[in-house]
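**Student:** So here's work-v4.pdb (PDB, C-alpha atoms, pLDDT in the B column).
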```pdb
ATOM      1  CA  MET X   1      92.790  34.897 316.668  1.00 88.00           C
ATOM      2  CA  ALA X   2      93.526  31.194 316.809  1.00 95.00           C
ATOM      3  CA  VAL X   3      94.963  31.160 313.278  1.00 97.00           C
ATOM      4  CA  ARG X   4      97.243  33.833 311.847  1.00 97.00           C
ATOM      5  CA  PHE X   5      98.311  34.439 308.266  1.00 97.00           C
ATOM      6  CA  GLU X   6     101.728  36.036 307.825  1.00 96.00           C
ATOM      7  CA  LYS X   7     103.563  36.638 304.583  1.00 95.00           C
ATOM      8  CA  GLN X   8     107.346  36.399 304.482  1.00 93.00           C
ATOM      9  CA  ASP X   9     108.848  36.837 301.032  1.00 91.00           C
ATOM     10  CA  SER X  10     106.977  34.415 298.756  1.00 94.00           C
ATOM     11  CA  ILE X  11     105.835  32.097 301.565  1.00 96.00           C
ATOM     12  CA  GLY X  12     102.484  32.395 303.301  1.00 96.00           C
ATOM     13  CA  HIS X  13     102.777  31.237 306.902  1.00 97.00           C
ATOM     14  CA  ILE X  14      99.613  29.877 308.470  1.00 98.00           C
ATOM     15  CA  VAL X  15     100.298  29.817 312.206  1.00 98.00           C
ATOM     16  CA  LEU X  16      98.146  27.767 314.584  1.00 98.00           C
ATOM     17  CA  ASP X  17      97.882  29.612 317.907  1.00 97.00           C
ATOM     18  CA  ARG X  18      95.150  28.335 320.200  1.00 97.00           C
ATOM     19  CA  PRO X  19      96.827  27.388 323.487  1.00 96.00           C
ATOM     20  CA  PRO X  20      97.358  25.064 325.081  1.00 95.00           C
ATOM     21  CA  ALA X  21      97.125  22.354 322.397  1.00 96.00           C
ATOM     22  CA  ASN X  22      95.870  24.027 319.199  1.00 96.00           C
ATOM     23  CA  SER X  23      92.688  21.969 319.522  1.00 95.00           C
ATOM     24  CA  TYR X  24      90.195  23.263 317.019  1.00 94.00           C
ATOM     25  CA  ASP X  25      86.576  24.267 317.140  1.00 92.00           C
ATOM     26  CA  LYS X  26      84.350  25.680 314.395  1.00 92.00           C
ATOM     27  CA  ALA X  27      85.650  29.247 314.814  1.00 93.00           C
ATOM     28  CA  PHE X  28      89.242  27.979 314.523  1.00 95.00           C
ATOM     29  CA  MET X  29      88.372  26.117 311.321  1.00 94.00           C
ATOM     30  CA  GLU X  30      86.667  29.186 309.869  1.00 95.00           C
ATOM     31  CA  GLU X  31      89.831  31.192 310.570  1.00 97.00           C
ATOM     32  CA  LEU X  32      91.951  28.429 309.030  1.00 97.00           C
ATOM     33  CA  GLU X  33      89.803  28.418 305.904  1.00 96.00           C
ATOM     34  CA  GLY X  34      90.104  32.210 305.675  1.00 96.00           C
ATOM     35  CA  ALA X  35      93.898  32.020 305.970  1.00 97.00           C
ATOM     36  CA  ILE X  36      94.118  29.373 303.244  1.00 97.00           C
ATOM     37  CA  ASP X  37      91.878  31.470 300.988  1.00 96.00           C
ATOM     38  CA  GLU X  38      94.016  34.552 301.624  1.00 96.00           C
ATOM     39  CA  ALA X  39      97.202  32.675 300.725  1.00 96.00           C
ATOM     40  CA  ALA X  40      95.588  31.140 297.635  1.00 95.00           C
ATOM     41  CA  ARG X  41      94.398  34.544 296.341  1.00 95.00           C
ATOM     42  CA  ASP X  42      97.755  36.253 296.821  1.00 96.00           C
ATOM     43  CA  ASP X  43      99.793  35.910 293.622  1.00 96.00           C
ATOM     44  CA  ALA X  44     102.951  36.850 295.528  1.00 96.00           C
ATOM     45  CA  VAL X  45     102.548  33.748 297.718  1.00 96.00           C
ATOM     46  CA  LYS X  46     104.165  30.793 295.966  1.00 95.00           C
ATOM     47  CA  ALA X  47     103.882  28.254 298.801  1.00 97.00           C
ATOM     48  CA  ILE X  48     102.227  27.843 302.193  1.00 97.00           C
ATOM     49  CA  LEU X  49     103.922  26.804 305.433  1.00 98.00           C
ATOM     50  CA  LEU X  50     101.572  25.429 308.103  1.00 98.00           C
ATOM     51  CA  ARG X  51     103.152  25.657 311.549  1.00 98.00           C
ATOM     52  CA  SER X  52     102.358  26.053 315.220  1.00 98.00           C
ATOM     53  CA  ALA X  53     103.116  28.914 317.574  1.00 97.00           C
ATOM     54  CA  SER X  54     103.389  26.345 320.376  1.00 95.00           C
ATOM     55  CA  GLU X  55     106.597  24.477 321.120  1.00 90.00           C
ATOM     56  CA  LYS X  56     104.675  21.551 322.581  1.00 96.00           C
ATOM     57  CA  PHE X  57     101.768  20.960 320.176  1.00 98.00           C
ATOM     58  CA  PHE X  58     101.353  21.143 316.424  1.00 98.00           C
ATOM     59  CA  SER X  59      97.688  20.306 317.042  1.00 98.00           C
ATOM     60  CA  ALA X  60      95.821  17.878 319.261  1.00 96.00           C
ATOM     61  CA  GLY X  61      92.936  17.841 316.769  1.00 94.00           C
ATOM     62  CA  ALA X  62      89.301  18.579 317.450  1.00 91.00           C
ATOM     63  CA  ASP X  63      88.279  20.102 320.748  1.00 89.00           C
ATOM     64  CA  VAL X  64      86.177  17.156 321.927  1.00 83.00           C
ATOM     65  CA  SER X  65      84.437  19.343 324.510  1.00 83.00           C
ATOM     66  CA  VAL X  66      82.536  20.844 321.546  1.00 80.00           C
ATOM     67  CA  PHE X  67      80.726  17.534 321.167  1.00 75.00           C
ATOM     68  CA  ALA X  68      79.861  17.332 324.855  1.00 80.00           C
ATOM     69  CA  ARG X  69      78.275  20.789 324.989  1.00 85.00           C
ATOM     70  CA  SER X  70      76.492  20.984 321.627  1.00 82.00           C
ATOM     71  CA  GLY X  71      73.570  19.430 319.842  1.00 82.00           C
ATOM     72  CA  LEU X  72      73.661  17.213 316.772  1.00 87.00           C
ATOM     73  CA  ASP X  73      73.104  20.071 314.298  1.00 89.00           C
ATOM     74  CA  GLU X  74      75.989  22.067 315.768  1.00 86.00           C
ATOM     75  CA  GLN X  75      78.217  18.976 315.788  1.00 84.00           C
ATOM     76  CA  ASN X  76      77.433  18.278 312.134  1.00 87.00           C
ATOM     77  CA  ALA X  77      78.123  21.908 311.187  1.00 88.00           C
ATOM     78  CA  PHE X  78      81.477  21.674 312.978  1.00 86.00           C
ATOM     79  CA  VAL X  79      82.482  18.486 311.134  1.00 88.00           C
ATOM     80  CA  VAL X  80      81.416  19.920 307.758  1.00 91.00           C
ATOM     81  CA  CYS X  81      83.361  23.137 308.429  1.00 91.00           C
ATOM     82  CA  ALA X  82      86.482  21.171 309.458  1.00 92.00           C
ATOM     83  CA  ASN X  83      86.327  19.000 306.338  1.00 92.00           C
ATOM     84  CA  GLU X  84      85.870  22.026 304.082  1.00 94.00           C
ATOM     85  CA  ALA X  85      88.822  23.832 305.656  1.00 94.00           C
ATOM     86  CA  MET X  86      91.115  20.829 305.354  1.00 93.00           C
ATOM     87  CA  GLY X  87      90.020  20.210 301.793  1.00 93.00           C
ATOM     88  CA  LYS X  88      91.217  23.721 300.919  1.00 94.00           C
ATOM     89  CA  PHE X  89      94.817  22.631 301.578  1.00 92.00           C
ATOM     90  CA  GLU X  90      94.445  19.943 298.929  1.00 91.00           C
ATOM     91  CA  SER X  91      92.664  22.142 296.414  1.00 93.00           C
ATOM     92  CA  THR X  92      95.087  25.059 296.456  1.00 94.00           C
ATOM     93  CA  PRO X  93      97.533  24.936 293.539  1.00 93.00           C
ATOM     94  CA  LYS X  94     100.295  26.129 295.880  1.00 96.00           C
ATOM     95  CA  VAL X  95     102.704  23.777 297.615  1.00 96.00           C
ATOM     96  CA  VAL X  96     101.706  23.291 301.261  1.00 97.00           C
ATOM     97  CA  VAL X  97     104.277  22.130 303.825  1.00 98.00           C
ATOM     98  CA  ALA X  98     103.465  21.195 307.425  1.00 98.00           C
ATOM     99  CA  ALA X  99     106.247  21.949 309.914  1.00 98.00           C
ATOM    100  CA  ILE X 100     105.469  19.584 312.793  1.00 99.00           C
ATOM    101  CA  ASN X 101     107.141  20.688 316.010  1.00 97.00           C
ATOM    102  CA  GLY X 102     105.078  19.021 318.709  1.00 98.00           C
ATOM    103  CA  HIS X 103     102.288  16.547 319.388  1.00 98.00           C
ATOM    104  CA  CYS X 104     100.375  15.970 316.164  1.00 98.00           C
ATOM    105  CA  LEU X 105      97.354  13.922 317.106  1.00 97.00           C
ATOM    106  CA  GLY X 106      93.945  13.062 315.742  1.00 95.00           C
ATOM    107  CA  GLY X 107      92.637  15.894 313.603  1.00 95.00           C
ATOM    108  CA  GLY X 108      96.038  17.561 313.927  1.00 97.00           C
ATOM    109  CA  LEU X 109      97.566  14.689 311.969  1.00 98.00           C
ATOM    110  CA  GLU X 110      94.624  14.764 309.572  1.00 97.00           C
ATOM    111  CA  MET X 111      95.425  18.438 308.960  1.00 97.00           C
ATOM    112  CA  ALA X 112      99.072  17.576 308.275  1.00 98.00           C
ATOM    113  CA  LEU X 113      98.002  14.752 305.930  1.00 98.00           C
ATOM    114  CA  CYS X 114      96.254  17.383 303.754  1.00 97.00           C
ATOM    115  CA  CYS X 115      99.623  19.017 303.095  1.00 97.00           C
ATOM    116  CA  ASP X 116     101.927  18.132 300.214  1.00 97.00           C
ATOM    117  CA  PHE X 117     104.889  17.583 302.549  1.00 98.00           C
ATOM    118  CA  ARG X 118     105.273  16.942 306.268  1.00 98.00           C
ATOM    119  CA  ILE X 119     108.580  17.869 307.912  1.00 98.00           C
ATOM    120  CA  ALA X 120     108.967  16.976 311.596  1.00 98.00           C
ATOM    121  CA  GLY X 121     111.413  18.356 314.107  1.00 98.00           C
ATOM    122  CA  GLU X 122     113.263  15.987 316.426  1.00 98.00           C
ATOM    123  CA  GLY X 123     111.558  15.618 319.776  1.00 97.00           C
ATOM    124  CA  SER X 124     109.878  13.377 322.304  1.00 96.00           C
ATOM    125  CA  TYR X 125     106.359  14.216 321.132  1.00 98.00           C
ATOM    126  CA  ARG X 126     103.908  11.820 319.465  1.00 98.00           C
ATOM    127  CA  ILE X 127     102.260  11.629 316.057  1.00 98.00           C
ATOM    128  CA  GLY X 128      99.143   9.546 315.540  1.00 96.00           C
ATOM    129  CA  LEU X 129      95.418   8.972 315.431  1.00 94.00           C
ATOM    130  CA  PRO X 130      94.423   7.997 318.983  1.00 94.00           C
ATOM    131  CA  GLU X 131      90.685   8.734 318.515  1.00 89.00           C
ATOM    132  CA  VAL X 132      89.775   5.055 318.696  1.00 86.00           C
ATOM    133  CA  SER X 133      90.582   5.149 322.414  1.00 84.00           C
ATOM    134  CA  LEU X 134      87.668   7.617 322.717  1.00 83.00           C
ATOM    135  CA  GLY X 135      85.391   5.435 320.602  1.00 83.00           C
ATOM    136  CA  LEU X 136      85.837   7.677 317.555  1.00 82.00           C
ATOM    137  CA  LEU X 137      87.279   7.259 314.087  1.00 82.00           C
ATOM    138  CA  PRO X 138      89.200   9.996 312.266  1.00 88.00           C
ATOM    139  CA  GLY X 139      86.514  12.417 311.105  1.00 84.00           C
ATOM    140  CA  THR X 140      88.248  14.785 308.707  1.00 90.00           C
ATOM    141  CA  GLY X 141      89.601  12.619 305.935  1.00 90.00           C
ATOM    142  CA  GLY X 142      92.314  10.649 307.698  1.00 91.00           C
ATOM    143  CA  THR X 143      90.658   7.353 306.791  1.00 92.00           C
ATOM    144  CA  GLN X 144      91.193   8.196 303.120  1.00 93.00           C
ATOM    145  CA  ARG X 145      94.422  10.202 303.180  1.00 96.00           C
ATOM    146  CA  LEU X 146      96.491   7.903 305.390  1.00 96.00           C
ATOM    147  CA  PRO X 147      95.912   4.751 303.267  1.00 96.00           C
ATOM    148  CA  ARG X 148      96.823   6.706 300.121  1.00 96.00           C
ATOM    149  CA  LEU X 149     100.045   7.765 301.810  1.00 96.00           C
ATOM    150  CA  ILE X 150     101.249   4.579 303.534  1.00 97.00           C
ATOM    151  CA  GLY X 151      99.068   1.803 302.127  1.00 96.00           C
ATOM    152  CA  ARG X 152      95.780   0.305 303.236  1.00 95.00           C
ATOM    153  CA  GLN X 153      97.070  -2.403 305.572  1.00 94.00           C
ATOM    154  CA  LYS X 154      99.496  -0.220 307.530  1.00 93.00           C
ATOM    155  CA  ALA X 155      96.944   2.591 307.756  1.00 94.00           C
ATOM    156  CA  LEU X 156      94.185   0.293 308.969  1.00 92.00           C
ATOM    157  CA  ASP X 157      96.424  -1.160 311.662  1.00 88.00           C
ATOM    158  CA  PHE X 158      97.555   2.331 312.636  1.00 88.00           C
ATOM    159  CA  MET X 159      94.003   3.701 312.919  1.00 91.00           C
ATOM    160  CA  LEU X 160      92.348   0.734 314.634  1.00 91.00           C
ATOM    161  CA  ARG X 161      95.021   0.451 317.296  1.00 92.00           C
ATOM    162  CA  GLY X 162      95.105   4.191 317.967  1.00 92.00           C
ATOM    163  CA  THR X 163      98.858   4.052 317.518  1.00 91.00           C
ATOM    164  CA  THR X 164     100.997   7.081 318.284  1.00 96.00           C
ATOM    165  CA  MET X 165     104.710   7.246 317.622  1.00 97.00           C
ATOM    166  CA  PRO X 166     107.710   9.559 317.842  1.00 98.00           C
ATOM    167  CA  PRO X 167     108.852  11.459 314.730  1.00 98.00           C
ATOM    168  CA  ARG X 168     111.515   8.933 313.645  1.00 98.00           C
ATOM    169  CA  GLU X 169     108.978   6.086 313.680  1.00 97.00           C
ATOM    170  CA  ALA X 170     106.531   8.267 311.743  1.00 98.00           C
ATOM    171  CA  LEU X 171     109.292   8.776 309.174  1.00 98.00           C
ATOM    172  CA  ALA X 172     109.909   5.023 308.925  1.00 98.00           C
ATOM    173  CA  ALA X 173     106.150   4.468 308.517  1.00 97.00           C
ATOM    174  CA  GLY X 174     106.017   7.017 305.681  1.00 97.00           C
ATOM    175  CA  ILE X 175     103.786   9.473 307.526  1.00 98.00           C
ATOM    176  CA  VAL X 176     106.341  12.282 307.540  1.00 98.00           C
ATOM    177  CA  ASP X 177     108.774  13.014 304.731  1.00 98.00           C
ATOM    178  CA  GLU X 178     111.741  14.151 306.780  1.00 98.00           C
ATOM    179  CA  VAL X 179     112.865  14.550 310.394  1.00 98.00           C
ATOM    180  CA  VAL X 180     115.285  17.378 311.109  1.00 98.00           C
ATOM    181  CA  PRO X 181     116.844  18.962 314.210  1.00 98.00           C
ATOM    182  CA  ALA X 182     114.140  21.011 315.943  1.00 96.00           C
ATOM    183  CA  ALA X 183     116.146  24.234 315.639  1.00 96.00           C
ATOM    184  CA  GLU X 184     116.271  23.797 311.849  1.00 97.00           C
ATOM    185  CA  LEU X 185     112.613  22.852 311.333  1.00 97.00           C
ATOM    186  CA  VAL X 186     111.261  26.104 309.919  1.00 95.00           C
ATOM    187  CA  ASN X 187     114.274  26.621 307.630  1.00 95.00           C
ATOM    188  CA  LYS X 188     114.091  23.037 306.324  1.00 96.00           C
ATOM    189  CA  ALA X 189     110.346  23.365 305.781  1.00 96.00           C
ATOM    190  CA  LEU X 190     110.920  26.638 303.912  1.00 93.00           C
ATOM    191  CA  GLU X 191     113.487  24.889 301.711  1.00 93.00           C
ATOM    192  CA  ARG X 192     110.901  22.214 300.889  1.00 92.00           C
ATOM    193  CA  ALA X 193     108.296  24.903 300.192  1.00 89.00           C
ATOM    194  CA  ASN X 194     110.631  26.464 297.645  1.00 82.00           C
ATOM    195  CA  VAL X 195     110.778  23.242 295.616  1.00 59.00           C
TER     196      VAL X 195
END
```
Give the structure from the file, written as structure tokens.
**Tutor:**
Amino acid sequence: MAVRFEKQDSIGHIVLDRPPANSYDKAFMEELEGAIDEAARDDAVKAILLRSASEKFFSAGADVSVFARSGLDEQNAFVVCANEAMGKFESTPKVVVAAINGHCLGGGLEMALCCDFRIAGEGSYRIGLPEVSLGLLPGTGGTQRLPRLIGRQKALDFMLRGTTMPPREALAAGIVDEVVPAAELVNKALERANV
């Protein structure tokens, strides 16, 4: 499974685990949607922690090879599925915290933007929406969520340039809420989840 749901005390952990970069395809998004639904239905789960099993990548976003090897109908079904899964994070009444521990790019950042809080661990990885370098725009809500978070002008500049930045710059830009030592990331994210 590319996405696991684990319950620890009152926190539902949704763990992204599709090496090497947690790039997602339709099956991944279906698993993600199932994990969110499971956490939402469980009355014992008070908050959700979205994290990666990888030390290098939170998520590199959509697996662009899907578009190269599929027809238009399959591509559209993939985009619809991805948008529905990400929308579930926003529609759950439970607090959702993203614990970002590695590269968080494209749809990976869009996934994190769906969460109530984004906590990043210190590191030399990048956070951003580099799709424009591939001739693409963010396809799963980033064009709406990022401006709501950091303002229209900054978001537009960020998206059109395909800017990526380290965690501290993402904090200064307002994209993440906190940057903590990498070894403390999960504990700090759990603290935020227990708000």
**Student:** Step by step: start from the point (109.0, 9.4, 318.3) in the file's coordinates, keep every protein, DNA or RNA residue that has an atom no farther than 12 Å from it, count only C-alpha atoms, and write the set as a PyMOL selection string.
**Tutor:** chain X and resi 101-104+120-128+163-173+175-176+179
**Student:** When the PyMOL selection byres ((chain X and resi 35-46) around 12) is applied to the file above, which residues end up in the set, as a PDB file with C-alpha atoms, in the coordinates of the input?
**Tutor:**
```
ATOM      1  CA  MET X   1      92.790  34.897 316.668  1.00 88.00           C
ATOM      2  CA  ALA X   2      93.526  31.194 316.809  1.00 95.00           C
ATOM      3  CA  VAL X   3      94.963  31.160 313.278  1.00 97.00           C
ATOM      4  CA  ARG X   4      97.243  33.833 311.847  1.00 97.00           C
ATOM      5  CA  PHE X   5      98.311  34.439 308.266  1.00 97.00           C
ATOM      6  CA  GLU X   6     101.728  36.036 307.825  1.00 96.00           C
ATOM      7  CA  LYS X   7     103.563  36.638 304.583  1.00 95.00           C
ATOM      8  CA  GLN X   8     107.346  36.399 304.482  1.00 93.00           C
ATOM      9  CA  ASP X   9     108.848  36.837 301.032  1.00 91.00           C
ATOM     10  CA  SER X  10     106.977  34.415 298.756  1.00 94.00           C
ATOM     11  CA  ILE X  11     105.835  32.097 301.565  1.00 96.00           C
ATOM     12  CA  GLY X  12     102.484  32.395 303.301  1.00 96.00           C
ATOM     13  CA  HIS X  13     102.777  31.237 306.902  1.00 97.00           C
ATOM     14  CA  ILE X  14      99.613  29.877 308.470  1.00 98.00           C
ATOM     15  CA  VAL X  15     100.298  29.817 312.206  1.00 98.00           C
ATOM     16  CA  LEU X  16      98.146  27.767 314.584  1.00 98.00           C
ATOM     17  CA  PHE X  28      89.242  27.979 314.523  1.00 95.00           C
ATOM     18  CA  MET X  29      88.372  26.117 311.321  1.00 94.00           C
ATOM     19  CA  GLU X  30      86.667  29.186 309.869  1.00 95.00           C
ATOM     20  CA  GLU X  31      89.831  31.192 310.570  1.00 97.00           C
ATOM     21  CA  LEU X  32      91.951  28.429 309.030  1.00 97.00           C
ATOM     22  CA  GLU X  33      89.803  28.418 305.904  1.00 96.00           C
ATOM     23  CA  GLY X  34      90.104  32.210 305.675  1.00 96.00           C
ATOM     24  CA  ALA X  47     103.882  28.254 298.801  1.00 97.00           C
ATOM     25  CA  ILE X  48     102.227  27.843 302.193  1.00 97.00           C
ATOM     26  CA  LEU X  49     103.922  26.804 305.433  1.00 98.00           C
ATOM     27  CA  LEU X  50     101.572  25.429 308.103  1.00 98.00           C
ATOM     28  CA  GLU X  84      85.870  22.026 304.082  1.00 94.00           C
ATOM     29  CA  ALA X  85      88.822  23.832 305.656  1.00 94.00           C
ATOM     30  CA  MET X  86      91.115  20.829 305.354  1.00 93.00           C
ATOM     31  CA  GLY X  87      90.020  20.210 301.793  1.00 93.00           C
ATOM     32  CA  LYS X  88      91.217  23.721 300.919  1.00 94.00           C
ATOM     33  CA  PHE X  89      94.817  22.631 301.578  1.00 92.00           C
ATOM     34  CA  GLU X  90      94.445  19.943 298.929  1.00 91.00           C
ATOM     35  CA  SER X  91      92.664  22.142 296.414  1.00 93.00           C
ATOM     36  CA  THR X  92      95.087  25.059 296.456  1.00 94.00           C
ATOM     37  CA  PRO X  93      97.533  24.936 293.539  1.00 93.00           C
ATOM     38  CA  LYS X  94     100.295  26.129 295.880  1.00 96.00           C
ATOM     39  CA  VAL X  95     102.704  23.777 297.615  1.00 96.00           C
ATOM     40  CA  VAL X  96     101.706  23.291 301.261  1.00 97.00           C
ATOM     41  CA  VAL X  97     104.277  22.130 303.825  1.00 98.00           C
ATOM     42  CA  CYS X 115      99.623  19.017 303.095  1.00 97.00           C
ATOM     43  CA  LEU X 190     110.920  26.638 303.912  1.00 93.00           C
ATOM     44  CA  ARG X 192     110.901  22.214 300.889  1.00 92.00           C
ATOM     45  CA  ALA X 193     108.296  24.903 300.192  1.00 89.00           C
ATOM     46  CA  ASN X 194     110.631  26.464 297.645  1.00 82.00           C
ATOM     47  CA  VAL X 195     110.778  23.242 295.616  1.00 59.00           C
TER      48      VAL X 195
END
```
**Student:** Tell me which protein, DNA and RNA residues are within 12 Å of Asp25 of chain X, counting all atoms listed in the file, leaving out same-chain ones fewer than 3 positions away, and put them as a ChimeraX atom specification.
**Tutor:** /X:2-3,18,21-22,28-32,59-67,69-70,74-75,77-82,85,107
**Student:** Applied to this file, what does the PyMOL selection byres ((chain X and resi 139) around 9) return in terms of residues, put as a PyMOL selection string?
**Tutor:** chain X and resi 79+82-83+106-107+110+136-138+140-143
**Student:** Atom CA of Ser54 of chain X and atom CA of Asp17 of chain X, how far apart in Å?
**Tutor:** 6.9 Å
**Student:** What does the distance from atom CA of Leu129 of chain X to atom CA of Phe57 of chain X come to in Å, to one decimal?
**Tutor:** 14.4 Å
